[in-house]
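Written below as structure tokens is the structure these notes are about.
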Amino acid sequence: MSEANDIIIQAEHLTKVFRDFWRRPKVKAVRDVSFEVRPGEVFGLLGPNGSGKSTTLKMILGLLHPTSGYLRVLGQSPREVKIKSRMGYVPEESYLYPYLTSEETLNFYGTLFDLNPAERKARIDQLLEMIGLQHARRRTVGEFSKGMARRIGLAQALINDPDLIILDEPTSGLDPLGCRQVKDLIVALAKRGKTVALSSHLLADVEDICDRVAILYNGQIQAQGTINELLEERERYRLTLPSEVPADVLKRVLAAVRTELGAEPDVDHPRRDLEQFFIDVVEKARREAKESSGVGPSQGVAEYLTPKETVLEQLATTSEQPVAVENRSHEDEEKKRAADEKLKKLL
């Protein structure tokens, strides 16, 4: 295990036993599970139904208490109330008040985190643009499809700008376009320093976005590691040739392989995956359409979720401005004075 200060979630020999009314052991949902999640990482918990994924996530959230084992989240016990403000959670089913509008829903959650009105409004605007529901900000959530409600659930989990984001089946109920947008968002958040722990049954989605995964069955981790470590077949090779290779050259290459290996190589044409084809078709139709009754295009990651430049980064940006050769000495003095003034303001 790494040093505690270097990891976001640290679980060692984690076990959870559910008991009946008379305190007799009923179900051993999690059995001796150990893993860690590092800063800026996307970590996936995989497994069939009943394998212990949701139970593990709920222990990380402090909603369930481990029967035994060691668990630290953001350097503290997950039951510490003060770390809740640094976490965001999207449950498997989005529980929203159906008579509130999108705007009112996000405003409600922003109030729970004690955000001031101006900050709440700015974040709500950015989040609604990010999830493609800016045009539906005054529609009640009860009118939404499951996919649209899922987007609002994701937005409420980000209203507090959390350091750790817990996602239980994040793409559940979303169409392929929504799935891609959520996956792109998760990757973008990780690049901005956020840490994401998720569970999912959609293995293709997990393969696209996760840095490391743990596969559970019967409450135990059966395999754990990076995607490449688990999936790469070291004993096989794939050769990709450019499209302009002449047919006679390809024949000679294949003949050489047959001669050297004494085996017939597999030859086929690469193809796009269905998800990408679907997205291309929908994007083309969206550009040609005048209006949309469903989800609009997303606008990237909300601005407030992007880390602000540090003092040193701002000074470095200032010092990297190009200077004309003929006015070098004069402009160097101007640049130095500007940097000094900027430093005074920042300090």
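Each chain of the structure tokens is named A, B, ... in the order shown, its residues numbered from 1; ligands are numbered from 1 in display order.
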
Could you produce a table of the residues of segment 59-114 of chain A lying within 12 Å of segment 178-194 of chain A, with the nearest pair of atoms per residue and their separation in Å rounded to one decimal, using only C-alpha atoms, ordered by chain and increasing residue number, as CSV?
residue,atom,partner,partner_atom,distance
A:Arg86,CA,A:Lys194,CA,10.4
A:Met87,CA,A:Lys194,CA,10.2
A:Gly88,CA,A:Lys194,CA,10.6

Since we have the selection now, will you write its residues out, keeping N, CA, C and O atoms, as a compact mmCIF listing (two decimals), in the first residue's frame?
# COMPACT_ATOMS: atom_id res chain seq x y z
N ARG A 86 -16.66 17.32 0.41
CA ARG A 86 -15.64 17.10 -0.63
C ARG A 86 -16.00 15.90 -1.51
O ARG A 86 -15.19 15.46 -2.31
N MET A 87 -17.23 15.39 -1.35
CA MET A 87 -17.65 14.21 -2.10
C MET A 87 -18.92 14.50 -2.90
O MET A 87 -19.74 15.30 -2.49
N GLY A 88 -19.04 13.83 -4.03
CA GLY A 88 -20.26 13.88 -4.83
C GLY A 88 -20.71 12.46 -5.12
O GLY A 88 -19.87 11.56 -5.31

Which residues in segment 44-275 of chain A does DSSP call strand (DSSP E or B)? List them as a PyMOL selection string. chain A and resi 44-46+68-73+76+87-90+101+140+164-168+195-199+212-217+220-226

Mind pulling up the distance from atom CA of Ala155 of chain A to atom CA of Glu143 of chain A?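 Taking atom CA of Glu143 of chain A as the start and atom CA of Ala155 of chain A as the end point, the length is 17.3 Å.
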
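All residues of protein, DNA or RNA that reach within 6 Å of Lys16 of chain A, judged by only C-alpha atoms and not counting those fewer than 4 positions away in the chain, are Ala29, Val30, Pro66 and Thr67 of chain A.
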
Based on the backbone DSSP call, show me all residues of segment 115-271 of chain A assigned helix (DSSP H, G or I), as a ChimeraX atom specification. /A:117-130,134-136,141-143,146-158,176-191,203-209,227-231,247-261

Between atom CA of Val73 of chain A and atom CA of Tyr97 of chain A, what is the distance in Å, rounded to a tenth?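 Computed distance, atom CA of Val73 of chain A to atom CA of Tyr97 of chain A, equals 29.1 Å.
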
Contacts of Leu167 of chain A at 7 Å (only C-alpha atoms; same-chain gap of 6+ positions) as a ChimeraX atom specification: /A:89-91,197-199

Rank A:Ala214, A:Val253, A:Leu115, A:Ile166 by their smallest atom-to-atom distance to Thr240 of chain A, using only C-alpha atoms, and report the top residue only.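 Comparing A:Ala214, A:Val253, A:Leu115, A:Ile166 against Thr240 of chain A, the winner is A:Val253.
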
With a distance cut-off of 12 Å and only C-alpha atoms, select the neighbouring residues of Ile159 of chain A, excluding the residue or stretch itself and same-chain residues fewer than 5 positions from it, and output the selection as a PyMOL selection string. chain A and resi 85-90+103+105-115+119-128+130+152-154+165+302-305

Restricted to N, CA and C atoms, what would the selected residues look like written as a CSV table (one decimal), in the first residue's frame?
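Okay, this is what ended up in result_3.csv:
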chain,number,residue,atom,x,y,z
A,85,SER,N,-18.6,17.3,2.3
A,85,SER,CA,-18.6,18.4,1.4
A,85,SER,C,-17.6,18.3,0.3
A,86,ARG,N,-16.7,17.3,0.4
A,86,ARG,CA,-15.6,17.1,-0.6
A,86,ARG,C,-16.0,15.9,-1.5
A,87,MET,N,-17.2,15.4,-1.3
A,87,MET,CA,-17.6,14.2,-2.1
A,87,MET,C,-18.9,14.5,-2.9
A,88,GLY,N,-19.0,13.8,-4.0
A,88,GLY,CA,-20.3,13.9,-4.8
A,88,GLY,C,-20.7,12.5,-5.1
A,89,TYR,N,-22.0,12.2,-5.2
A,89,TYR,CA,-22.5,10.9,-5.3
A,89,TYR,C,-23.7,10.8,-6.2
A,90,VAL,N,-23.7,9.9,-7.2
A,90,VAL,CA,-24.8,9.6,-8.1
A,90,VAL,C,-25.2,8.1,-7.8
A,103,GLU,N,-33.7,23.8,-12.5
A,103,GLU,CA,-33.0,24.9,-11.9
A,103,GLU,C,-33.3,24.9,-10.4
A,105,THR,N,-34.0,22.2,-8.6
A,105,THR,CA,-33.3,21.1,-8.0
A,105,THR,C,-31.9,21.4,-7.7
A,106,LEU,N,-31.2,21.9,-8.7
A,106,LEU,CA,-29.8,22.3,-8.5
A,106,LEU,C,-29.6,23.4,-7.4
A,107,ASN,N,-30.5,24.3,-7.4
A,107,ASN,CA,-30.5,25.4,-6.4
A,107,ASN,C,-30.7,24.8,-5.0
A,108,PHE,N,-31.5,23.8,-4.8
A,108,PHE,CA,-31.8,23.1,-3.6
A,108,PHE,C,-30.5,22.4,-3.1
A,109,TYR,N,-29.8,21.7,-3.9
A,109,TYR,CA,-28.6,21.0,-3.5
A,109,TYR,C,-27.5,22.0,-3.3
A,110,GLY,N,-27.4,23.1,-4.0
A,110,GLY,CA,-26.4,24.1,-3.8
A,110,GLY,C,-26.6,24.8,-2.4
A,111,THR,N,-27.9,24.9,-2.0
A,111,THR,CA,-28.2,25.5,-0.7
A,111,THR,C,-27.7,24.6,0.4
A,112,LEU,N,-27.9,23.2,0.2
A,112,LEU,CA,-27.4,22.3,1.2
A,112,LEU,C,-25.9,22.4,1.5
A,113,PHE,N,-25.2,22.8,0.5
A,113,PHE,CA,-23.7,23.0,0.6
A,113,PHE,C,-23.4,24.4,1.0
A,114,ASP,N,-24.4,25.2,1.3
A,114,ASP,CA,-24.2,26.6,1.8
A,114,ASP,C,-23.5,27.5,0.8
A,115,LEU,N,-23.7,27.3,-0.5
A,115,LEU,CA,-23.2,28.2,-1.5
A,115,LEU,C,-23.9,29.5,-1.5
A,119,GLU,N,-22.9,32.4,-6.4
A,119,GLU,CA,-22.1,31.3,-6.8
A,119,GLU,C,-23.0,30.1,-7.2
A,120,ARG,N,-24.2,30.0,-6.5
A,120,ARG,CA,-25.1,28.9,-6.9
A,120,ARG,C,-25.6,29.2,-8.3
A,121,LYS,N,-26.0,30.4,-8.6
A,121,LYS,CA,-26.6,30.7,-9.9
A,121,LYS,C,-25.5,30.5,-11.0
A,122,ALA,N,-24.3,30.9,-10.8
A,122,ALA,CA,-23.3,30.7,-11.8
A,122,ALA,C,-23.0,29.2,-12.1
A,123,ARG,N,-23.0,28.4,-11.0
A,123,ARG,CA,-22.7,27.0,-11.1
A,123,ARG,C,-23.9,26.3,-11.8
A,124,ILE,N,-25.1,26.7,-11.5
A,124,ILE,CA,-26.3,26.1,-12.1
A,124,ILE,C,-26.3,26.3,-13.6
A,125,ASP,N,-26.0,27.5,-14.0
A,125,ASP,CA,-26.0,27.9,-15.4
A,125,ASP,C,-24.9,27.0,-16.1
A,126,GLN,N,-23.8,26.9,-15.5
A,126,GLN,CA,-22.7,26.1,-16.2
A,126,GLN,C,-23.0,24.6,-16.2
A,127,LEU,N,-23.6,24.1,-15.2
A,127,LEU,CA,-24.0,22.7,-15.1
A,127,LEU,C,-25.1,22.3,-16.1
A,128,LEU,N,-26.1,23.2,-16.2
A,128,LEU,CA,-27.1,22.9,-17.2
A,128,LEU,C,-26.6,23.0,-18.6
A,130,MET,N,-23.5,22.2,-19.4
A,130,MET,CA,-22.7,21.0,-19.5
A,130,MET,C,-23.4,19.7,-19.8
A,152,ILE,N,-29.6,15.3,-14.6
A,152,ILE,CA,-29.7,16.2,-13.4
A,152,ILE,C,-29.1,15.6,-12.2
A,153,GLY,N,-29.2,14.2,-12.0
A,153,GLY,CA,-28.6,13.6,-10.9
A,153,GLY,C,-27.1,13.7,-10.9
A,154,LEU,N,-26.5,13.7,-12.1
A,154,LEU,CA,-25.1,13.9,-12.3
A,154,LEU,C,-24.7,15.3,-11.9
A,165,ILE,N,-15.7,11.7,-6.5
A,165,ILE,CA,-17.0,11.5,-7.1
A,165,ILE,C,-17.3,10.0,-7.2
A,302,ALA,N,-18.1,22.3,-16.9
A,302,ALA,CA,-18.4,23.6,-16.3
A,302,ALA,C,-17.1,24.3,-15.9
A,303,GLU,N,-17.1,25.6,-16.1
A,303,GLU,CA,-15.9,26.4,-15.8
A,303,GLU,C,-15.4,26.3,-14.4
A,304,TYR,N,-16.3,26.3,-13.4
A,304,TYR,CA,-15.9,26.3,-12.0
A,304,TYR,C,-15.2,25.0,-11.6
A,305,LEU,N,-15.4,23.9,-12.4
A,305,LEU,CA,-14.7,22.6,-12.1
A,305,LEU,C,-13.3,22.6,-12.6

Select, from A:His201, A:Arg138, A:His65, A:Lys84, the residue with the minimum atom-to-atom distance to Asn160 of chain A, counting only C-alpha atoms.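 Using only C-alpha atoms, the shortest distance to Asn160 of chain A belongs to A:Lys84.
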
Leaving out Asp266 of chain A and any residue of its chain fewer than 3 positions from it, which residues lie within 12 Å of it when counting only C-alpha atoms, given as a VMD selection string? chain A and resid 236 to 240 254 257 to 258 263 269

Excluding Leu71 of chain A and any residue of its chain fewer than 6 positions from it, enumerate the residues within 9 Å of it, using only C-alpha atoms, and give them as an NGL selection string. :A and (9-14 or 59-60 or 77-78)

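Each of A:Asn218, A:Gln156, A:Ser51, A:Thr56 was checked against Asp168 of chain A using only C-alpha atoms; the smallest atom-to-atom distance is that of A:Thr56.
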
Can you work out which one of A:Leu158, A:Leu133, A:Val33, A:Val81 has the shortest atom-to-atom distance to Val196 of chain A, counting only C-alpha atoms?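 Going through A:Leu158, A:Leu133, A:Val33, A:Val81 one by one, the smallest distance to Val196 of chain A is for A:Leu158.
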
So how far away is atom CA of Leu174 of chain A from atom CA of Gly50 of chain A, in Å? 22.6 Å
